[in-house]
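Colleague: Right, I'll just put the structure down here and ask away after.
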Amino acid sequence: MPHRTPAPPAAWPLVALFTSGYVAPYLLPTVVGRLDAHLPLSPAQAGLIGSVLLLGSAAAGFTLASRIPRHGPRPLARLGLLLAVLGYGTAAATAQLPLVIAGAVLGGFGSGTATAVAASGIAAQRDPHRTSALGLLSVSATAGALYLTLPRLGGGHWLPFAAIALVALVCWPATGRLPGADRTDRADGADGTDRAVRGSVRLPYPRAGMVLAGALMMWSLAQNALWGVSGRIGAQQAGLSEVTLGIVFAAALGAGLLGVTAASALGARLGRAFPVGVGTAVIACCVVLASHARGLGSFAAGEILWNAVYPVVLSYAIGLAAALDPRGRWAVLVGSASSLGVACGPVTGSLLAEGAGFPGMGLVLGGLLLAVAGPMAGVALHVGGRPLTPGSVRRRGGAPAAVLAAGAGTAAGSVPRVGAQELEVVELPQLRTRPLRVLLLSPTATRRARDRTRKRIRTDA
């Protein structure tokens, strides 16, 4: 049977899943702040619970990186949303610390599963940067609305957890538009050629992918180290109330909407290296400004400018990870590394704040961001354009398995030159040949032909 590459899923279900997976990290300041205020926890312990939640999300991504095509986006997305509803719902329904921690871990694993499915689907889109920008727009708008609403609904640690569970529940209908399990990994013939061909496709750009994963992990750690203690900076150092903090955070996320809209409109006009490198340097300055804030003006300026640039750089980083592998494996792995950095962020920020104070913490995090700006921009310059998709390979009869395996990821009618650091594709003209017809004689016709040959030999003799 011919191998058919499944069509990429529609964009809006992926945007919904992206929103459900990312809303927990976006609400991290209010989650950590309410755990500290309403449960018998120190700030460092509350930050540790936030880190445990995000560790569950990272674990889901690392676990599912290569299993999404086998099990199917729809079942995994529904499993992730179900775990998110159960986990966050449990954390919201009780004040017992063991159950709160267990619910946070379970909900984090569900959020990570939804994020992994969304990242894999985004990588298969024609324009992954545009789809990721739409996802960031959606999650920024959702988180901004929650920051405006939650302070007016009363106290308690349960409200942020309940809100995240509600978002997962609302996104459930979108999973019906996702494809099921991909059965094309089974051999089409008795020789198992297709399975051998698909199994030989390795991760492209291994060095660039590892550099990007490590750099984005540290990048996310620095971002969320500040984000996890931003509420404490505003309340303790800048002297702001919870309502005022909610307004500042909502305005910051609104600025993020404008930033992502601008990035989506620009697209690839600026390339990827300039937004990633220069944007990270700007974020480092914003981190230092926000951590040194002593009043509403400087705190709001640092937070708003930071949140305006942060999703822009993140959208280009997600698009860069998707460009490394159109099958979505690097997108999931890099996203999981980012989640690991996000998970370590709150506890890192709490420890740095307690040891060096908020200004010292800002200087350390700003230096870290400047250190990873160069490698991220270097990966963007090295990779360049998006590689061709494996679906563009058309199998033709008589092609050996080695040629098909080497040609995975190249366009139809192309031959890759293997041995260079990257595949160089040479276009060949398509040749059409007529089928060779072989006529087989029946036994009777064979005997008659043999008799005629013997008579001809006697006559010649």
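Quick note on naming: the chains in the structure tokens go A, B, ... in the order shown, residues restart at 1 in each chain, and ligands are numbered from 1 in order of appearance.
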Considering only C-alpha atoms, return as a PyMOL selection string whatever protein or nucleic-acid residues lie within 9 Å of stretch 79-83 of chain A, sequence-local ones (same chain, fewer than 4 positions apart) excluded.
Modeller: chain A and resi 17+20-21+74-75+87-88+106-115+165+168-169+171-172
Colleague: Pick out the residues sitting within 10 Å of stretch 364-368 of chain A, and hand them over as a ChimeraX atom specification; count only C-alpha atoms, and ignore anything fewer than 2 positions along from it in its own chain.
Modeller: /A:215,218-219,221-226,280-289,291,348-349,352,356,359-362,370-373
Colleague: Keeping only N, CA, C and O atoms, write the selected residues as a CSV table (one decimal), in the first residue's frame.
Modeller:
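What landed in part_2.csv:
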```
chain,number,residue,atom,x,y,z
A,215,ALA,N,20.0,26.3,26.0
A,215,ALA,CA,19.9,27.7,26.2
A,215,ALA,C,18.5,28.1,26.6
A,215,ALA,O,18.3,29.0,27.4
A,218,MET,N,17.8,27.6,30.3
A,218,MET,CA,18.3,28.6,31.2
A,218,MET,C,17.6,29.9,31.0
A,218,MET,O,17.3,30.7,31.9
A,219,TRP,N,17.2,30.2,29.7
A,219,TRP,CA,16.4,31.4,29.4
A,219,TRP,C,15.0,31.4,30.2
A,219,TRP,O,14.6,32.3,30.8
A,221,LEU,N,14.4,29.6,32.9
A,221,LEU,CA,14.7,29.6,34.3
A,221,LEU,C,14.8,31.1,34.8
A,221,LEU,O,14.2,31.5,35.8
A,222,ALA,N,15.5,31.9,34.0
A,222,ALA,CA,15.7,33.3,34.4
A,222,ALA,C,14.4,34.0,34.3
A,222,ALA,O,14.0,34.8,35.2
A,223,GLN,N,13.6,33.8,33.3
A,223,GLN,CA,12.3,34.5,33.2
A,223,GLN,C,11.4,34.1,34.4
A,223,GLN,O,10.8,35.1,35.0
A,224,ASN,N,11.3,32.9,34.7
A,224,ASN,CA,10.3,32.5,35.7
A,224,ASN,C,10.8,32.6,37.1
A,224,ASN,O,10.1,32.6,38.1
A,225,ALA,N,12.2,32.8,37.3
A,225,ALA,CA,12.7,33.1,38.6
A,225,ALA,C,12.2,34.5,39.0
A,225,ALA,O,11.8,34.7,40.2
A,226,LEU,N,12.2,35.4,38.0
A,226,LEU,CA,11.6,36.7,38.3
A,226,LEU,C,10.1,36.7,38.4
A,226,LEU,O,9.5,37.3,39.3
A,280,THR,N,16.3,39.1,23.8
A,280,THR,CA,16.7,38.5,25.0
A,280,THR,C,17.6,39.6,25.8
A,280,THR,O,17.5,39.7,27.0
A,281,ALA,N,18.4,40.4,25.1
A,281,ALA,CA,19.1,41.4,25.7
A,281,ALA,C,18.2,42.5,26.3
A,281,ALA,O,18.5,43.0,27.4
A,282,VAL,N,17.1,42.8,25.6
A,282,VAL,CA,16.2,43.8,26.1
A,282,VAL,C,15.5,43.2,27.4
A,282,VAL,O,15.3,43.9,28.4
A,283,ILE,N,15.2,41.9,27.4
A,283,ILE,CA,14.5,41.3,28.5
A,283,ILE,C,15.5,41.4,29.7
A,283,ILE,O,15.0,41.6,30.9
A,284,ALA,N,16.8,41.2,29.5
A,284,ALA,CA,17.7,41.2,30.6
A,284,ALA,C,17.7,42.6,31.3
A,284,ALA,O,17.7,42.7,32.5
A,285,CYS,N,17.6,43.7,30.5
A,285,CYS,CA,17.5,45.0,31.1
A,285,CYS,C,16.2,45.2,31.8
A,285,CYS,O,16.2,45.8,32.9
A,286,CYS,N,15.1,44.6,31.3
A,286,CYS,CA,13.8,44.7,32.0
A,286,CYS,C,13.8,44.0,33.4
A,286,CYS,O,13.2,44.5,34.3
A,287,VAL,N,14.5,42.9,33.4
A,287,VAL,CA,14.6,42.1,34.6
A,287,VAL,C,15.3,42.9,35.7
A,287,VAL,O,14.9,43.0,36.9
A,288,VAL,N,16.4,43.6,35.3
A,288,VAL,CA,17.1,44.4,36.3
A,288,VAL,C,16.3,45.6,36.7
A,288,VAL,O,16.2,45.9,37.9
A,289,LEU,N,15.5,46.2,35.8
A,289,LEU,CA,14.7,47.3,36.2
A,289,LEU,C,13.6,46.9,37.1
A,289,LEU,O,13.4,47.6,38.2
A,291,SER,N,13.4,44.3,39.2
A,291,SER,CA,13.9,43.8,40.5
A,291,SER,C,14.4,45.0,41.3
A,291,SER,O,14.5,44.8,42.6
A,348,THR,N,14.4,28.9,42.4
A,348,THR,CA,15.7,29.7,42.2
A,348,THR,C,15.5,31.1,42.5
A,348,THR,O,16.3,31.8,43.2
A,349,GLY,N,14.4,31.7,42.1
A,349,GLY,CA,14.1,33.1,42.4
A,349,GLY,C,13.9,33.3,43.9
A,349,GLY,O,14.4,34.3,44.4
A,352,LEU,N,17.5,33.0,45.5
A,352,LEU,CA,18.3,34.2,45.2
A,352,LEU,C,17.8,35.5,45.9
A,352,LEU,O,18.6,36.3,46.4
A,356,ALA,N,20.4,37.2,48.2
A,356,ALA,CA,21.0,38.4,47.7
A,356,ALA,C,20.1,39.6,47.6
A,356,ALA,O,20.5,40.7,47.2
A,359,PRO,N,17.3,43.2,44.3
A,359,PRO,CA,18.2,43.7,43.3
A,359,PRO,C,19.3,42.8,42.9
A,359,PRO,O,19.7,42.7,41.7
A,360,GLY,N,19.9,42.1,43.9
A,360,GLY,CA,21.0,41.2,43.5
A,360,GLY,C,20.5,40.0,42.7
A,360,GLY,O,21.2,39.6,41.7
A,361,MET,N,19.3,39.5,43.0
A,361,MET,CA,18.7,38.5,42.1
A,361,MET,C,18.5,39.0,40.7
A,361,MET,O,18.8,38.3,39.7
A,362,GLY,N,18.1,40.2,40.5
A,362,GLY,CA,17.9,40.8,39.2
A,362,GLY,C,19.2,40.9,38.4
A,362,GLY,O,19.2,40.6,37.2
A,370,LEU,N,21.9,37.5,29.3
A,370,LEU,CA,22.9,37.9,28.3
A,370,LEU,C,23.8,36.8,27.9
A,370,LEU,O,24.2,36.8,26.7
A,371,ALA,N,24.1,35.8,28.8
A,371,ALA,CA,25.0,34.7,28.4
A,371,ALA,C,24.3,33.8,27.4
A,371,ALA,O,25.1,33.2,26.6
A,372,VAL,N,23.0,33.6,27.5
A,372,VAL,CA,22.4,32.7,26.5
A,372,VAL,C,21.8,33.3,25.3
A,372,VAL,O,21.4,32.6,24.3
A,373,ALA,N,21.9,34.7,25.2
A,373,ALA,CA,21.4,35.3,24.0
A,373,ALA,C,22.2,35.0,22.8
A,373,ALA,O,21.7,34.7,21.7
```
Colleague: Which residues are close to stretch 153-163 of chain A, i.e. within 10 Å by only C-alpha atoms, leaving aside same-chain residues fewer than 2 positions away? Reply as a PyMOL selection string.
Modeller: chain A and resi 23-24+27-39+84-85+87-95+100+103-104+107+143+146-151+165-169
Colleague: Please provide as a ChimeraX atom specification all residues within 10 Å of A:Gly259, with the sequence filter that same-chain residues fewer than 4 positions apart are discarded (counting only C-alpha atoms).
Modeller: /A:133,137,253-255,263-265,305,307-313
Colleague: Would you mind exporting the chosen residues as an mmCIF file, in the first residue's frame, restricted to all heavy atoms?
Modeller:
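The file below, result-v3.cif, is the result:
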```cif
data_model
loop_
_atom_site.group_PDB
_atom_site.id
_atom_site.type_symbol
_atom_site.label_atom_id
_atom_site.label_comp_id
_atom_site.auth_asym_id
_atom_site.auth_seq_id
_atom_site.Cartn_x
_atom_site.Cartn_y
_atom_site.Cartn_z
ATOM 1 N N ALA A 133 2.307 32.100 17.580
ATOM 2 C CA ALA A 133 1.940 33.464 17.968
ATOM 3 C C ALA A 133 0.462 33.542 18.353
ATOM 4 O O ALA A 133 0.092 34.220 19.320
ATOM 5 C CB ALA A 133 2.256 34.428 16.828
ATOM 6 N N LEU A 137 -1.016 34.634 21.923
ATOM 7 C CA LEU A 137 -2.074 35.639 22.045
ATOM 8 C C LEU A 137 -3.222 35.128 22.900
ATOM 9 O O LEU A 137 -3.735 35.828 23.781
ATOM 10 C CB LEU A 137 -2.587 36.016 20.653
ATOM 11 C CG LEU A 137 -1.754 36.988 19.819
ATOM 12 C CD1 LEU A 137 -2.321 37.079 18.410
ATOM 13 C CD2 LEU A 137 -1.737 38.359 20.468
ATOM 14 N N LEU A 253 0.375 41.691 30.556
ATOM 15 C CA LEU A 253 -0.054 40.657 29.608
ATOM 16 C C LEU A 253 -0.747 41.273 28.399
ATOM 17 O O LEU A 253 -0.669 40.744 27.287
ATOM 18 C CB LEU A 253 -0.974 39.669 30.312
ATOM 19 C CG LEU A 253 -0.294 38.820 31.393
ATOM 20 C CD1 LEU A 253 -1.315 37.973 32.128
ATOM 21 C CD2 LEU A 253 0.787 37.940 30.792
ATOM 22 N N GLY A 254 -1.429 42.405 28.602
ATOM 23 C CA GLY A 254 -1.989 43.122 27.451
ATOM 24 C C GLY A 254 -0.899 43.639 26.529
ATOM 25 O O GLY A 254 -1.036 43.597 25.296
ATOM 26 N N ALA A 255 0.201 44.124 27.106
ATOM 27 C CA ALA A 255 1.341 44.519 26.278
ATOM 28 C C ALA A 255 1.911 43.321 25.539
ATOM 29 O O ALA A 255 2.394 43.447 24.395
ATOM 30 C CB ALA A 255 2.420 45.162 27.152
ATOM 31 N N ALA A 263 4.800 40.707 16.254
ATOM 32 C CA ALA A 263 5.673 39.634 15.781
ATOM 33 C C ALA A 263 4.991 38.800 14.707
ATOM 34 O O ALA A 263 5.615 38.381 13.726
ATOM 35 C CB ALA A 263 6.093 38.748 16.948
ATOM 36 N N SER A 264 3.691 38.548 14.875
ATOM 37 C CA SER A 264 2.950 37.788 13.870
ATOM 38 C C SER A 264 2.860 38.556 12.559
ATOM 39 O O SER A 264 2.928 37.973 11.485
ATOM 40 C CB SER A 264 1.547 37.466 14.394
ATOM 41 O OG SER A 264 0.811 36.735 13.439
ATOM 42 N N ALA A 265 2.711 39.880 12.642
ATOM 43 C CA ALA A 265 2.643 40.690 11.420
ATOM 44 C C ALA A 265 3.999 40.746 10.720
ATOM 45 O O ALA A 265 4.077 40.705 9.490
ATOM 46 C CB ALA A 265 2.165 42.098 11.760
ATOM 47 N N LEU A 305 7.148 46.312 29.940
ATOM 48 C CA LEU A 305 8.085 46.173 28.816
ATOM 49 C C LEU A 305 8.605 44.751 28.714
ATOM 50 O O LEU A 305 8.751 44.200 27.614
ATOM 51 C CB LEU A 305 9.237 47.161 28.999
ATOM 52 C CG LEU A 305 10.289 47.176 27.874
ATOM 53 C CD1 LEU A 305 9.639 47.500 26.539
ATOM 54 C CD2 LEU A 305 11.395 48.172 28.193
ATOM 55 N N ASN A 307 7.066 41.944 29.649
ATOM 56 C CA ASN A 307 6.027 41.056 29.123
ATOM 57 C C ASN A 307 5.641 41.378 27.695
ATOM 58 O O ASN A 307 5.014 40.540 27.027
ATOM 59 C CB ASN A 307 4.795 41.124 30.026
ATOM 60 C CG ASN A 307 4.946 40.289 31.274
ATOM 61 O OD1 ASN A 307 4.674 39.099 31.287
ATOM 62 N ND2 ASN A 307 5.414 40.928 32.352
ATOM 63 N N ALA A 308 5.995 42.572 27.210
ATOM 64 C CA ALA A 308 5.762 42.875 25.801
ATOM 65 C C ALA A 308 6.784 42.183 24.908
ATOM 66 O O ALA A 308 6.469 41.766 23.780
ATOM 67 C CB ALA A 308 5.808 44.388 25.574
ATOM 68 N N VAL A 309 8.027 42.026 25.398
ATOM 69 C CA VAL A 309 9.086 41.433 24.584
ATOM 70 C C VAL A 309 9.162 39.919 24.774
ATOM 71 O O VAL A 309 9.480 39.181 23.838
ATOM 72 C CB VAL A 309 10.440 42.093 24.928
ATOM 73 C CG1 VAL A 309 11.564 41.514 24.078
ATOM 74 C CG2 VAL A 309 10.356 43.599 24.723
ATOM 75 N N TYR A 310 8.853 39.444 25.994
ATOM 76 C CA TYR A 310 9.002 38.018 26.313
ATOM 77 C C TYR A 310 8.244 37.107 25.344
ATOM 78 O O TYR A 310 8.845 36.174 24.775
ATOM 79 C CB TYR A 310 8.548 37.780 27.756
ATOM 80 C CG TYR A 310 8.237 36.346 28.102
ATOM 81 C CD1 TYR A 310 9.253 35.440 28.371
ATOM 82 C CD2 TYR A 310 6.924 35.895 28.157
ATOM 83 C CE1 TYR A 310 8.977 34.131 28.688
ATOM 84 C CE2 TYR A 310 6.637 34.583 28.478
ATOM 85 C CZ TYR A 310 7.663 33.697 28.738
ATOM 86 O OH TYR A 310 7.374 32.395 29.038
ATOM 87 N N PRO A 311 6.927 37.314 25.082
ATOM 88 C CA PRO A 311 6.256 36.387 24.166
ATOM 89 C C PRO A 311 6.728 36.513 22.729
ATOM 90 O O PRO A 311 6.592 35.560 21.955
ATOM 91 C CB PRO A 311 4.776 36.763 24.313
ATOM 92 C CG PRO A 311 4.786 38.160 24.799
ATOM 93 C CD PRO A 311 6.006 38.308 25.635
ATOM 94 N N VAL A 312 7.274 37.669 22.354
ATOM 95 C CA VAL A 312 7.818 37.810 21.007
ATOM 96 C C VAL A 312 9.002 36.866 20.828
ATOM 97 O O VAL A 312 9.071 36.091 19.863
ATOM 98 C CB VAL A 312 8.236 39.273 20.751
ATOM 99 C CG1 VAL A 312 8.913 39.396 19.390
ATOM 100 C CG2 VAL A 312 7.033 40.195 20.827
ATOM 101 N N VAL A 313 9.946 36.916 21.770
ATOM 102 C CA VAL A 313 11.115 36.030 21.694
ATOM 103 C C VAL A 313 10.679 34.568 21.796
ATOM 104 O O VAL A 313 11.194 33.704 21.071
ATOM 105 C CB VAL A 313 12.116 36.387 22.806
ATOM 106 C CG1 VAL A 313 13.328 35.458 22.752
ATOM 107 C CG2 VAL A 313 12.566 37.835 22.674
#
```
Colleague: Within stretch 6-100 of chain A, find each residue whose DSSP state, derived from the backbone, is alpha helix (DSSP H), and express the selection as JSON, numbers by chain.
Modeller: {"A": [11, 12, 13, 14, 15, 16, 17, 18, 19, 20, 21, 22, 23, 24, 25, 26, 28, 29, 30, 31, 32, 33, 34, 35, 36, 37, 38, 43, 44, 45, 46, 47, 48, 49, 50, 51, 52, 53, 54, 55, 56, 57, 58, 59, 60, 61, 62, 63, 64, 68, 69, 70, 71, 73, 74, 75, 76, 77, 78, 79, 80, 81, 82, 83, 84, 85, 86, 87, 88, 89, 90, 91, 92, 93, 97, 98, 99, 100]}
Colleague: So, counting only C-alpha atoms, which residue among A:His129, A:Arg452, A:Arg329, A:His292 is closest to A:Arg67?
Modeller: A:Arg329
Colleague: Calculate how many Å separate atom CA of A:Pro179 from atom CA of A:Ala213, rounding to one decimal.
Modeller: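 Between these atoms lies a distance of 27.7 Å.
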Colleague: Find, counting only C-alpha atoms, the residue in A:Gly319, A:Gly295, A:Gly61, A:Gly246 that gets nearest to A:Gly335.
Modeller: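 Looking at the shortest contact to A:Gly335, the residue is A:Gly61.
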